file upload-v3.tsv (TSV, C-alpha atoms)
chain	number	residue	atom	x	y	z
A	1	MET	CA	27.71	19.86	7.91
A	2	ASP	CA	31.17	19.13	9.26
A	3	PRO	CA	33.88	18.26	6.73
A	4	ILE	CA	33.88	14.54	5.99
A	5	ASP	CA	37.01	12.51	6.64
A	6	SER	CA	37.63	10.41	3.50
A	7	SER	CA	38.24	7.32	5.62
A	8	ARG	CA	34.61	7.51	6.80
A	9	LEU	CA	33.16	7.82	3.30
A	10	PRO	CA	32.20	4.09	2.97
A	11	GLN	CA	30.22	4.22	6.23
A	12	ILE	CA	28.50	7.43	5.15
A	13	LEU	CA	27.59	5.91	1.78
A	14	GLU	CA	26.20	2.85	3.53
A	15	CYS	CA	24.05	5.02	5.79
A	16	LEU	CA	22.72	7.09	2.89
A	17	LEU	CA	21.94	4.07	0.74
A	18	PHE	CA	20.32	2.30	3.69
A	19	VAL	CA	17.79	5.11	4.29
A	20	ALA	CA	17.16	5.98	0.63
A	21	ALA	CA	13.87	4.73	-0.79
A	22	GLU	CA	15.10	5.22	-4.38
A	23	PRO	CA	18.44	4.99	-6.17
A	24	VAL	CA	20.69	7.90	-5.17
A	25	SER	CA	22.88	9.59	-7.76
A	26	ALA	CA	26.55	10.37	-7.24
A	27	ASP	CA	25.73	14.01	-8.03
A	28	ARG	CA	23.26	14.20	-5.16
A	29	ILE	CA	25.69	12.66	-2.68
A	30	ALA	CA	28.51	14.90	-3.94
A	31	GLY	CA	26.35	17.97	-3.38
A	32	LEU	CA	25.34	16.79	0.07
A	33	LEU	CA	28.93	16.09	1.14
A	34	ASN	CA	30.42	19.09	-0.67
A	35	ARG	CA	32.67	16.83	-2.74
A	36	GLU	CA	33.40	16.44	-6.44
A	37	THR	CA	31.15	14.02	-8.35
A	38	PRO	CA	34.03	11.92	-9.79
A	39	GLU	CA	35.36	11.33	-6.26
A	40	ILE	CA	31.93	10.16	-5.08
A	41	GLU	CA	31.41	7.99	-8.20
A	42	ALA	CA	34.73	6.25	-7.55
A	43	ALA	CA	33.85	5.76	-3.88
A	44	LEU	CA	30.41	4.38	-4.78
A	45	GLU	CA	31.88	1.92	-7.29
A	46	ALA	CA	34.51	0.76	-4.79
A	47	PHE	CA	31.80	0.44	-2.15
A	48	ARG	CA	29.54	-1.47	-4.54
A	49	HIS	CA	32.23	-4.00	-5.47
A	50	GLY	CA	33.37	-4.57	-1.91
A	51	TYR	CA	30.05	-4.54	-0.09
A	52	GLY	CA	28.89	-7.62	1.80
A	53	GLU	CA	29.82	-10.36	-0.64
A	54	ASN	CA	28.58	-12.94	1.85
A	55	GLY	CA	25.71	-10.87	3.22
A	56	GLY	CA	22.06	-10.67	2.37
A	57	LEU	CA	22.34	-7.19	0.85
A	58	GLN	CA	24.08	-5.80	-2.19
A	59	VAL	CA	24.75	-2.38	-3.66
A	60	VAL	CA	23.40	-2.05	-7.19
A	61	HIS	CA	23.88	0.63	-9.82
A	62	ILE	CA	20.41	1.17	-11.21
A	63	ALA	CA	18.33	3.97	-12.74
A	64	GLY	CA	21.23	6.42	-12.73
A	65	GLY	CA	21.98	5.92	-9.06
A	66	TYR	CA	22.98	3.46	-6.38
A	67	GLN	CA	20.73	1.50	-4.08
A	68	LEU	CA	21.14	-0.98	-1.25
A	69	ARG	CA	18.97	-4.00	-2.09
A	70	THR	CA	18.20	-7.50	-0.93
A	71	ARG	CA	20.11	-10.16	-2.82
A	72	PRO	CA	17.72	-11.97	-5.21
A	73	GLU	CA	18.16	-15.33	-3.47
A	74	TYR	CA	16.66	-13.85	-0.26
A	75	ALA	CA	13.88	-11.81	-1.87
A	76	SER	CA	11.13	-14.38	-1.26
A	77	VAL	CA	11.83	-14.48	2.48
A	78	VAL	CA	11.80	-10.67	2.72
A	79	GLU	CA	8.63	-10.50	0.62
A	80	ALA	CA	6.89	-12.98	2.92
A	81	TYR	CA	7.95	-10.97	5.95
A	82	LEU	CA	6.75	-7.67	4.50
A	83	LYS	CA	3.42	-9.04	3.29
A	84	PRO	CA	0.79	-7.63	5.63
A	85	ALA	CA	-1.16	-10.15	7.65
A	86	ALA	CA	-4.65	-10.77	6.38
A	87	GLN	CA	-7.14	-8.57	8.15
A	88	ARG	CA	-10.67	-9.68	8.80
A	89	LEU	CA	-13.61	-7.42	8.18
A	90	SER	CA	-15.92	-6.88	11.12
A	91	SER	CA	-19.59	-7.76	10.85
A	92	GLN	CA	-20.31	-4.00	10.68
A	93	ALA	CA	-17.91	-3.65	7.75
A	94	LEU	CA	-19.43	-6.67	5.98
A	95	GLU	CA	-22.92	-5.27	6.49
A	96	THR	CA	-21.88	-1.86	5.15
A	97	LEU	CA	-20.05	-3.43	2.21
A	98	ALA	CA	-23.14	-5.45	1.32
A	99	ILE	CA	-25.31	-2.30	1.40
A	100	ILE	CA	-22.86	-0.50	-0.88
A	101	ALA	CA	-22.61	-3.48	-3.25
A	102	TYR	CA	-26.37	-3.83	-3.63
A	103	ARG	CA	-27.38	-0.14	-3.54
A	104	GLN	CA	-24.48	1.56	-5.31
A	105	PRO	CA	-23.91	4.35	-5.79
A	106	VAL	CA	-24.92	5.17	-2.23
A	107	THR	CA	-24.17	7.89	0.34
A	108	VAL	CA	-23.19	7.53	3.99
A	109	PRO	CA	-26.54	9.02	5.17
A	110	GLU	CA	-28.36	6.37	3.10
A	111	ILE	CA	-26.17	3.63	4.63
A	112	ASP	CA	-26.80	5.06	8.12
A	113	SER	CA	-30.53	5.01	7.47
A	114	LEU	CA	-30.47	1.34	6.47
A	115	ARG	CA	-28.16	0.24	9.29
A	116	GLY	CA	-29.69	2.45	11.97
A	117	VAL	CA	-26.25	3.53	13.22
A	118	SER	CA	-23.47	5.87	12.14
A	119	SER	CA	-21.34	4.28	9.44
A	120	GLY	CA	-18.71	6.94	8.77
A	121	GLY	CA	-15.87	5.04	10.45
A	122	VAL	CA	-16.73	1.78	8.72
A	123	VAL	CA	-16.95	3.53	5.34
A	124	LYS	CA	-13.50	5.04	5.95
A	125	THR	CA	-12.09	1.59	6.74
A	126	LEU	CA	-13.56	0.14	3.54
A	127	PHE	CA	-12.25	3.12	1.57
A	128	ASP	CA	-8.76	2.78	3.11
A	129	ARG	CA	-8.72	-0.91	2.18
A	130	LYS	CA	-9.67	0.10	-1.38
A	131	LEU	CA	-12.85	-1.98	-1.36
A	132	ILE	CA	-14.96	1.09	-2.15
A	133	ARG	CA	-14.31	4.39	-3.92
A	134	GLU	CA	-15.84	7.82	-4.29
A	135	VAL	CA	-17.71	8.26	-7.57
A	136	GLY	CA	-19.12	11.75	-7.23
A	137	ARG	CA	-21.64	13.66	-5.19
A	138	LYS	CA	-25.39	13.30	-4.99
A	139	ASP	CA	-27.35	16.28	-6.24
A	140	VAL	CA	-29.18	16.99	-2.97
A	141	PRO	CA	-28.58	19.56	-0.22
A	142	GLY	CA	-25.19	18.99	1.39
A	143	ARG	CA	-24.03	17.09	-1.72
A	144	PRO	CA	-22.96	13.91	0.09
A	145	ILE	CA	-20.29	11.69	-1.48
A	146	LEU	CA	-21.49	8.70	-3.49
A	147	TYR	CA	-19.65	5.39	-2.98
A	148	GLU	CA	-19.43	2.21	-5.03
A	149	THR	CA	-17.41	-0.99	-4.85
A	150	THR	CA	-14.06	-1.41	-6.62
A	151	GLU	CA	-12.24	-4.02	-8.66
A	152	ALA	CA	-10.50	-5.04	-5.41
A	153	PHE	CA	-13.94	-5.89	-4.00
A	154	LEU	CA	-14.73	-8.09	-7.00
A	155	THR	CA	-11.31	-9.74	-6.78
A	156	LEU	CA	-11.75	-10.39	-3.07
A	157	LEU	CA	-15.08	-12.13	-3.70
A	158	GLY	CA	-13.83	-13.91	-6.83
A	159	LEU	CA	-16.36	-12.17	-9.08
A	160	SER	CA	-15.93	-10.88	-12.62
A	161	GLU	CA	-18.74	-8.36	-12.35
A	162	LEU	CA	-21.41	-7.18	-9.94
A	163	ALA	CA	-24.09	-9.11	-11.81
A	164	GLU	CA	-22.56	-12.27	-10.30
A	165	LEU	CA	-23.59	-11.20	-6.79
A	166	PRO	CA	-26.38	-13.43	-5.48
A	167	ARG	CA	-29.82	-11.88	-5.62
A	168	LEU	CA	-30.91	-10.60	-2.22
A	169	GLU	CA	-33.54	-13.34	-1.95
A	170	GLU	CA	-30.80	-15.96	-2.43
A	171	ALA	CA	-28.33	-14.36	-0.02
A	172	GLY	CA	-30.01	-15.67	3.13
A	173	ASP	CA	-33.30	-16.46	4.78
A	174	GLY	CA	-33.70	-12.92	6.06
A	175	THR	CA	-33.41	-13.81	9.74
A	176	GLY	CA	-30.07	-12.08	10.08
A	177	THR	CA	-28.52	-15.21	11.57
A	178	GLU	CA	-26.21	-15.86	8.64
A	179	THR	CA	-22.53	-15.53	9.40
A	180	ALA	CA	-19.81	-14.66	6.96
A	181	GLU	CA	-16.13	-14.16	7.20
A	182	LEU	CA	-14.19	-12.15	4.69
A	183	VAL	CA	-10.44	-11.83	4.94
A	184	VAL	CA	-8.81	-8.81	3.35

call {"tool": "encode", "arguments": {"input": "upload-v3.tsv", "output": "structure tokens"}}
result
Amino acid sequence: MDPIDSSRLPQILECLLFVAAEPVSADRIAGLLNRETPEIEAALEAFRHGYGENGGLQVVHIAGGYQLRTRPEYASVVEAYLKPAAQRLSSQALETLAIIAYRQPVTVPEIDSLRGVSSGGVVKTLFDRKLIREVGRKDVPGRPILYETTEAFLTLLGLSELAELPRLEEAGDGTGTETAELVV
């Protein structure tokens, strides 16, 4: 790296703190910039005290390092912005989730057999959304993965335990015309 002009040190610190996911120590920055730690500590403290007093961000000294953070008074707006939009589950995902809930632990080949179509992609989606989890392997040739529902599944449905699921006879009239919408 090229030698750093001391007049550019505040801008460099801002860039480093902006991209850092965790607090950054003065030692780490000193090593990166080939500078002495006391010089970097002094620059960080000066930067912290003079940074954006009227802005939405602040520099904080936390956990042995420095971090660029949202000012507390703006945290709720940022949190609302970063909250992912609710995602709806497709009818295929709902069907697969119901099979897993009522037959657990169950394998993908068993789900495929009940649905009559390949369910691997739907199972991956449910797994990625943490609605199901792997609980082992079935002791049959090929040793397929066994899946069951998670606490997130119960929370999503507002249930304390699986025993609160409606009995299959109560779930619908069996015509397949019931509709459901589940937002994750």

call {"tool": "closest_residue", "arguments": {"input": "upload-v3.tsv", "among": "A:Leu44, A:Ile4, A:Leu165, A:Leu156", "to": "A:Arg129", "atoms": "all atoms listed in the file"}}
result
A:Leu156

call {"tool": "closest_atom_pairs", "arguments": {"input": "upload-v3.tsv", "of": "stretch 79-124 of chain A", "to": "stretch 130-134 of chain A", "cutoff": "9 Å", "atoms": "only C-alpha atoms", "output": "tab-separated table"}}
result
residue	atom	partner	partner_atom	distance
A:Leu97	CA	A:Ile132	CA	8.1
A:Ile100	CA	A:Ile132	CA	8.2
A:Ala101	CA	A:Ile132	CA	9.0
A:Pro105	CA	A:Glu134	CA	8.9
A:Val123	CA	A:Ile132	CA	8.1

call {"tool": "atom_distance", "arguments": {"input": "upload-v3.tsv", "atom1": "atom CA of A:Ala21", "atom2": "atom CA of A:Ser6"}}
result
24.8 Å

call {"tool": "closest_residue", "arguments": {"input": "upload-v3.tsv", "among": "A:Thr155, A:Ser119, A:Gln11, A:Thr107", "to": "A:Ala43", "atoms": "all atoms listed in the file"}}
result
A:Gln11

call {"tool": "closest_residue", "arguments": {"input": "upload-v3.tsv", "among": "A:Val78, A:Leu9, A:Ala26, A:Val106", "to": "A:Gly65", "atoms": "all atoms listed in the file"}}
result
A:Ala26

call {"tool": "atom_distance", "arguments": {"input": "upload-v3.tsv", "atom1": "atom CA of A:Lys124", "atom2": "atom CA of A:Ala98"}}
result
15.0 Å

call {"tool": "closest_residue", "arguments": {"input": "upload-v3.tsv", "among": "A:Lys83, A:Arg115, A:Arg28, A:Arg69", "to": "A:Gly52", "atoms": "only C-alpha atoms"}}
result
A:Arg69

call {"tool": "residues_around", "arguments": {"input": "upload-v3.tsv", "residues": "A:Lys138", "least_positions_apart": "6", "cutoff": "12 Å", "atoms": "only C-alpha atoms", "output": "VMD selection string"}}
result
chain A and resid 104 to 110 144 to 147

call {"tool": "atom_distance", "arguments": {"input": "upload-v3.tsv", "atom1": "atom CA of A:Arg35", "atom2": "atom CA of A:His61"}}
result
19.7 Å

call {"tool": "closest_residue", "arguments": {"input": "upload-v3.tsv", "among": "A:Ala30, A:Pro10, A:Val24, A:Pro141", "to": "A:His49", "atoms": "all atoms listed in the file"}}
result
A:Pro10

call {"tool": "residues_around", "arguments": {"input": "upload-v3.tsv", "residues": "A:Asp27", "least_positions_apart": "2", "cutoff": "9 Å", "atoms": "all atoms listed in the file", "output": "number ranges by chain"}}
result
A: 24-25, 29-32, 36-38, 40-41, 65
